[in-house]
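Novice: My structure is in upload.csv, and what it holds is CSV, C-alpha atoms:
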chain,number,residue,atom,x,y,z
E,29,MET,CA,-59.6,31.7,21.5
E,30,ARG,CA,-60.0,28.3,23.0
E,31,LEU,CA,-57.4,26.7,25.2
E,32,ILE,CA,-55.9,23.4,23.9
E,33,THR,CA,-55.5,20.9,26.7
E,34,ASN,CA,-54.8,17.2,27.0
E,35,GLN,CA,-58.2,16.8,28.7
E,36,SER,CA,-60.1,18.2,25.6
E,37,SER,CA,-58.0,16.5,22.9
E,38,ASN,CA,-56.9,13.0,22.0
E,39,LYS,CA,-53.1,12.5,21.8
E,40,GLU,CA,-53.0,13.0,18.0
E,41,GLN,CA,-54.9,16.3,18.2
E,42,PHE,CA,-52.9,17.5,21.1
E,43,GLU,CA,-49.6,16.8,19.4
E,44,LYS,CA,-50.8,18.4,16.1
E,45,ASN,CA,-51.9,21.5,17.9
E,46,LEU,CA,-48.9,22.1,20.1
E,47,ARG,CA,-45.9,20.5,18.6
E,48,TYR,CA,-44.7,22.9,15.9
E,49,MET,CA,-42.5,25.9,15.5
E,50,CYS,CA,-44.6,29.1,15.6
E,51,GLU,CA,-43.9,31.6,12.9
E,52,PRO,CA,-42.4,35.1,13.6
E,53,VAL,CA,-44.3,38.2,12.7
E,54,ASP,CA,-42.9,40.8,10.4
E,55,ARG,CA,-44.2,43.7,12.5
E,56,VAL,CA,-46.7,44.3,15.2
E,57,THR,CA,-49.9,45.5,13.5
E,58,ASP,CA,-53.0,46.9,15.2
E,59,SER,CA,-54.8,43.6,14.7
E,60,LEU,CA,-51.9,41.7,16.3
E,61,LYS,CA,-52.0,44.1,19.3
E,62,VAL,CA,-55.7,43.2,19.8
E,63,VAL,CA,-54.8,39.5,19.6
E,64,ALA,CA,-52.0,40.0,22.1
E,65,LEU,CA,-54.2,41.8,24.6
E,66,ASP,CA,-56.9,39.1,24.2
E,67,LEU,CA,-54.2,36.5,25.0
E,68,LEU,CA,-53.1,38.4,28.1
E,69,GLU,CA,-56.7,38.7,29.3
E,70,MET,CA,-57.3,35.0,28.8
E,71,MET,CA,-54.1,34.3,30.8
E,72,TYR,CA,-55.4,36.4,33.7
E,73,ARG,CA,-58.9,34.8,33.5
E,74,SER,CA,-57.2,31.4,33.7
E,75,ASN,CA,-55.3,32.5,36.8
E,76,ALA,CA,-52.0,31.8,35.0
E,77,ILE,CA,-48.7,33.6,34.8
E,78,GLY,CA,-47.9,32.7,31.1
E,79,LEU,CA,-49.7,31.8,27.9
E,80,ALA,CA,-48.3,31.1,24.4
E,81,ALA,CA,-50.2,31.7,21.2
E,82,ASN,CA,-50.2,28.1,20.1
E,83,GLN,CA,-51.9,27.1,23.3
E,84,VAL,CA,-55.0,28.8,21.9
E,85,GLY,CA,-54.5,27.7,18.3
E,86,LEU,CA,-52.5,30.6,16.9
E,87,LYS,CA,-49.4,29.8,14.9
E,88,ILE,CA,-47.5,33.1,15.6
E,89,ARG,CA,-44.5,33.7,17.9
E,90,LEU,CA,-46.4,35.5,20.6
E,91,CYS,CA,-46.6,35.0,24.4
E,92,ALA,CA,-48.0,36.8,27.4
E,93,LEU,CA,-46.5,36.5,30.9
E,94,ASP,CA,-46.8,38.1,34.3
E,95,PRO,CA,-45.0,36.3,37.2
E,96,ALA,CA,-46.0,39.2,39.5
E,97,TRP,CA,-49.6,38.0,39.1
E,98,MET,CA,-48.8,35.3,41.8
E,99,GLN,CA,-48.3,38.2,44.3
E,100,GLY,CA,-51.5,39.9,43.3
E,101,GLN,CA,-49.8,42.5,41.0
E,102,ARG,CA,-50.1,43.1,37.3
E,103,ILE,CA,-46.8,43.7,35.5
E,104,PRO,CA,-47.6,42.1,32.1
E,105,ILE,CA,-45.0,41.4,29.4
E,106,ILE,CA,-46.2,40.7,25.9
E,107,MET,CA,-43.5,39.3,23.6
E,108,PHE,CA,-43.6,38.9,19.8
E,109,ASN,CA,-40.8,36.8,18.3
E,110,PRO,CA,-39.0,36.1,21.6
E,111,GLU,CA,-35.7,34.4,21.3
E,112,PHE,CA,-32.8,33.6,23.7
E,113,VAL,CA,-29.6,35.6,23.2
E,114,GLU,CA,-27.9,34.2,26.3
E,115,CYS,CA,-28.3,31.3,28.6
E,116,GLY,CA,-26.1,30.6,31.6
E,117,GLU,CA,-24.4,27.3,32.4
E,118,GLU,CA,-26.0,26.7,35.8
E,119,MET,CA,-29.3,24.8,36.0
E,120,PHE,CA,-31.9,24.6,38.7
E,121,LYS,CA,-35.2,22.7,39.1
E,122,ALA,CA,-38.4,24.8,39.4
E,123,PRO,CA,-42.0,23.7,40.0
E,124,GLU,CA,-44.1,24.3,37.0
E,125,GLY,CA,-47.6,23.8,35.8
E,126,CYS,CA,-49.2,24.3,32.4
E,127,LEU,CA,-52.6,25.4,31.2
E,128,SER,CA,-52.4,22.8,28.4
E,129,LEU,CA,-51.6,20.0,30.9
E,130,PRO,CA,-53.9,20.9,33.8
E,131,GLU,CA,-53.6,19.0,37.1
E,132,MET,CA,-49.9,18.2,36.3
E,133,GLY,CA,-47.2,19.8,38.3
E,134,LEU,CA,-43.5,18.9,37.6
E,135,GLN,CA,-40.1,19.9,38.8
E,136,VAL,CA,-38.5,21.1,35.6
E,137,PRO,CA,-34.8,21.8,35.0
E,138,ARG,CA,-34.2,25.3,33.6
E,139,PHE,CA,-31.3,27.6,33.0
E,140,ARG,CA,-30.8,29.9,36.0
E,141,ASN,CA,-29.8,32.9,33.9
E,142,VAL,CA,-31.4,33.9,30.6
E,143,LYS,CA,-31.5,36.9,28.3
E,144,VAL,CA,-34.3,37.2,25.8
E,145,LYS,CA,-34.9,39.7,23.0
E,146,PHE,CA,-38.4,40.4,21.6
E,147,LEU,CA,-40.7,42.9,20.0
E,148,GLY,CA,-43.1,44.7,22.2
E,149,LEU,CA,-46.6,46.0,21.5
E,150,ASP,CA,-45.0,49.2,20.2
E,151,ASN,CA,-42.9,47.4,17.6
E,152,GLN,CA,-39.7,48.2,19.4
E,153,GLU,CA,-37.1,45.6,20.2
E,154,TYR,CA,-36.5,44.9,23.9
E,155,ILE,CA,-34.1,42.7,25.9
E,156,ILE,CA,-35.0,41.2,29.2
E,157,LYS,CA,-32.5,39.5,31.5
E,158,ASP,CA,-33.3,37.4,34.5
E,159,ASP,CA,-31.0,35.7,37.0
E,160,ASN,CA,-32.6,33.1,39.2
E,161,SER,CA,-36.2,34.0,39.6
E,162,LEU,CA,-39.6,32.8,38.5
E,163,LEU,CA,-39.4,35.0,35.4
E,164,SER,CA,-36.5,32.9,34.1
E,165,SER,CA,-38.6,29.8,34.3
E,166,VAL,CA,-41.6,31.4,32.8
E,167,LEU,CA,-39.6,32.8,29.9
E,168,GLN,CA,-38.2,29.4,29.1
E,169,HIS,CA,-41.6,27.6,29.5
E,170,GLU,CA,-43.4,30.0,27.1
E,171,ILE,CA,-40.6,30.1,24.5
E,172,ASP,CA,-40.6,26.3,24.7
E,173,HIS,CA,-44.3,26.3,23.8
E,174,LEU,CA,-43.6,28.5,20.7
E,175,ASP,CA,-40.9,26.0,19.7
E,176,GLY,CA,-43.3,23.0,20.1
E,177,VAL,CA,-41.7,21.8,23.3
E,178,LEU,CA,-43.7,20.9,26.5
E,179,MET,CA,-42.5,20.8,30.1
E,180,THR,CA,-42.8,17.0,30.0
E,181,ASP,CA,-40.0,17.1,27.3
E,182,ARG,CA,-37.6,18.7,29.8
E,183,ILE,CA,-37.8,16.0,32.6
E,184,VAL,CA,-36.3,12.6,32.9
E,185,GLU,CA,-38.8,11.1,35.3
E,186,ARG,CA,-41.5,8.8,34.1
E,187,VAL,CA,-44.8,10.6,33.6
E,188,ASP,CA,-48.4,9.5,32.7
E,189,ILE,CA,-50.3,11.9,30.5
E,190,ILE,CA,-54.1,11.5,30.4
E,191,TYR,CA,-55.6,12.6,27.1
E,192,LYS,CA,-59.3,12.8,26.3
E,193,ASP,CA,-59.7,9.2,25.4
E,194,THR,CA,-56.4,7.5,26.4
E,195,ILE,CA,-53.6,7.4,29.0
E,196,VAL,CA,-50.0,7.3,27.9
E,197,GLU,CA,-48.3,5.5,30.7
E,198,GLY,CA,-44.8,5.9,32.1
E,199,GLY,CA,-42.9,7.0,29.0
E,200,ILE,CA,-39.5,8.6,29.6
E,201,ALA,CA,-40.2,12.3,28.8
E,202,VAL,CA,-36.7,13.0,27.6
E,203,ASN,CA,-35.5,10.5,25.1
E,204,GLY,CA,-31.8,11.5,24.8
E,205,ARG,CA,-32.3,14.2,22.2
E,206,LYS,CA,-30.3,17.4,22.6
E,207,GLU,CA,-32.2,20.4,24.0
E,208,TYR,CA,-31.6,24.0,23.1
E,209,CYS,CA,-30.9,27.5,24.3
E,210,GLY,CA,-33.0,29.5,21.9
E,211,THR,CA,-31.5,30.6,18.6
E,212,LEU,CA,-28.0,30.8,19.8
E,213,GLU,CA,-27.4,27.1,19.5
E,214,ARG,CA,-30.6,25.1,18.8
E,215,TYR,CA,-30.5,21.7,20.3
E,216,THR,CA,-27.0,21.9,21.6
E,217,ARG,CA,-27.4,21.5,25.3
E,218,SER,CA,-28.5,18.4,27.2
E,219,PHE,CA,-30.6,18.4,30.3
E,220,THR,CA,-29.2,15.0,31.5
Could you write out this file's structure as structure tokens?
Specialist:
Amino acid sequence: MRLITNQSSNKEQFEKNLRYMCEPVDRVTDSLKVVALDLLEMMYRSNAIGLAANQVGLKIRLCALDPAWMQGQRIPIIMFNPEFVECGEEMFKAPEGCLSLPEMGLQVPRFRNVKVKFLGLDNQEYIIKDDNSLLSSVLQHEIDHLDGVLMTDRIVERVDIIYKDTIVEGGIAVNGRKEYCGTLERYTRSFT
């Protein structure tokens, strides 16, 4: 596994590698369990609290997260096929970073309350609900990745992104398109 970043890719490579919908898995096989644990270990080695499969070149709906890692604990969550089943109405802005966009920190608008269903390593379906914590932001950030959406797409401020060979200056990150709340209503909510 190799992390895809704007610093190691030109704009076209970066977009091609990260801007697509990842495919769901039919079931969690033994080989997928190994991949998931490798993804989790890479996340920890990178000193991160979330990592999506497409950030390392995999096209499956898989992410690993552990917001407790920031407090020196390990409470990992591995999700196959995560999807939103509920999103609250209230929004808040949270500071975020991204392994694929190192050295960039942004205040990103997110839903305060979310409920997500997913398959665990044991092939069982789980539902996780969060109200107003770091977990809510991390869930949205990682599921965004799996849907080809970056944190820069969620803001309205002007940002510069430096790619391997170029700088894209001051484009408006949100261009008026509708955003989404998972599979309930894709692209039906706006962050404006």
Novice: Let me make sure I understand: among E:Val56, E:Val84, E:Leu65, E:Leu134, which one has the smallest atom-to-atom distance to Arg182 (chain E) if we use all atoms listed in the file?
Specialist: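 Counting all atoms listed in the file, the residue closest to Arg182 (chain E) is E:Leu134.
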Novice: Distance CA of Ala122 (chain E)-CA of Gln101 (chain E), one decimal place?
Specialist: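 Computing the Euclidean distance for CA of Ala122 (chain E) and CA of Gln101 (chain E) yields 21.1 Å.
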Novice: Using all atoms listed in the file, which of the listed residues (E:Leu60, E:Cys91, E:Leu129, E:Ile183) sits closest to Ile171 (chain E)?
Specialist: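 So, comparing all the options, the nearest one is E:Cys91.
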Novice: Please, which residues in region 93-205 of chain E fall within 12 Å of region 73-82 of chain E when counting only C-alpha atoms, and what is the closest atom pair and distance in Å to one decimal for each, ordered by chain then residue number, as a tab-separated table?
Specialist:
residue	atom	partner	partner_atom	distance
E:Leu93	CA	E:Gly78	CA	4.1
E:Asp94	CA	E:Ile77	CA	4.9
E:Pro95	CA	E:Ile77	CA	5.2
E:Ala96	CA	E:Ile77	CA	7.8
E:Trp97	CA	E:Ile77	CA	6.2
E:Met98	CA	E:Ile77	CA	7.2
E:Gln99	CA	E:Ile77	CA	10.6
E:Gly100	CA	E:Asn75	CA	10.6
E:Gln101	CA	E:Ile77	CA	10.9
E:Arg102	CA	E:Ile77	CA	9.9
E:Ile103	CA	E:Ile77	CA	10.3
E:Pro104	CA	E:Ile77	CA	9.0
E:Ile105	CA	E:Gly78	CA	9.3
E:Ile106	CA	E:Gly78	CA	9.7
E:Met107	CA	E:Ala80	CA	9.5
E:Phe108	CA	E:Ala81	CA	9.9
E:Asn109	CA	E:Ala81	CA	11.1
E:Pro110	CA	E:Ala80	CA	10.9
E:Glu124	CA	E:Ile77	CA	10.6
E:Gly125	CA	E:Ala76	CA	9.2
E:Cys126	CA	E:Ala76	CA	8.4
E:Leu127	CA	E:Ala76	CA	7.5
E:Ser128	CA	E:Leu79	CA	9.4
E:Pro130	CA	E:Ser74	CA	11.0
E:Leu162	CA	E:Ile77	CA	9.9
E:Leu163	CA	E:Ile77	CA	9.4
E:Ser164	CA	E:Gly78	CA	11.8
E:Ser165	CA	E:Gly78	CA	10.3
E:Val166	CA	E:Gly78	CA	6.7
E:Leu167	CA	E:Gly78	CA	8.4
E:Gln168	CA	E:Gly78	CA	10.4
E:His169	CA	E:Gly78	CA	8.3
E:Glu170	CA	E:Ala80	CA	5.7
E:Ile171	CA	E:Ala80	CA	7.8
E:Asp172	CA	E:Ala80	CA	9.1
E:His173	CA	E:Ala80	CA	6.3
E:Leu174	CA	E:Ala80	CA	6.5
E:Asp175	CA	E:Asn82	CA	9.5
E:Gly176	CA	E:Asn82	CA	8.6
E:Val177	CA	E:Asn82	CA	11.1
E:Leu178	CA	E:Ala80	CA	11.4
Novice: From the options E:Val113, E:Leu147, E:Met71, E:Leu46, which residue's atoms come nearest to Thr33 (chain E), counting all atoms listed in the file?
Specialist: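 When distances to Thr33 (chain E) are compared using all atoms listed in the file, the smallest one comes from E:Leu46.
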Novice: I'd like the interatomic distance between CA of Gln35 (chain E) and CA of Glu51 (chain E), to a tenth of an Å.
Specialist: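 According to the coordinates, CA of Gln35 (chain E) and CA of Glu51 (chain E) are separated by 25.9 Å.
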Novice: Separation of CA of Asn160 (chain E) and CA of Arg140 (chain E), in Å?
Specialist: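 Taking CA of Asn160 (chain E) and CA of Arg140 (chain E), their separation equals 4.9 Å.
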Novice: Using all atoms listed in the file, which of the listed residues (E:Met132, E:Gly85, E:Glu40, E:Met29) sits closest to Glu69 (chain E)?
Specialist: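 Of the candidates, the smallest distance to Glu69 (chain E) is held by E:Met29.
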Novice: Let me make sure I understand: among E:Lys87, E:Lys157, E:Lys143, E:Lys121, which one has the smallest atom-to-atom distance to Asn45 (chain E) if we use all atoms listed in the file?
Specialist: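 With all atoms listed in the file as the atom set, the closest residue is E:Lys87.
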Novice: Given the point (-36.6, 23.4, 35.8) in the file's coordinates, find the residues that have an atom at most 6 Å from it, counting all atoms listed in the file, and give them as a PDB file with C-alpha atoms, in the frame of the given file.
Specialist:
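Writing done, so here's point-v7.pdb:
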ATOM      1  CA  PHE E 120     -31.900  24.600  38.700  1.00  0.00           C
ATOM      2  CA  LYS E 121     -35.200  22.700  39.100  1.00  0.00           C
ATOM      3  CA  ALA E 122     -38.400  24.800  39.400  1.00  0.00           C
ATOM      4  CA  GLN E 135     -40.100  19.900  38.800  1.00  0.00           C
ATOM      5  CA  VAL E 136     -38.500  21.100  35.600  1.00  0.00           C
ATOM      6  CA  PRO E 137     -34.800  21.800  35.000  1.00  0.00           C
ATOM      7  CA  ARG E 138     -34.200  25.300  33.600  1.00  0.00           C
TER       8      ARG E 138
END
Novice: Could you give me, as a PyMOL selection string, the residues that sit within 10 Å of (-30.3, 34.6, 28.1) in the file's coordinates, counting all atoms listed in the file?
Specialist: chain E and resi 111-116+139-145+155-159+164+167-168+209-210+212
Novice: Using only C-alpha atoms, find the one residue out of E:Arg55, E:Arg89, E:Glu117, E:Glu131 that sits nearest to Glu153 (chain E).
Specialist: E:Arg55
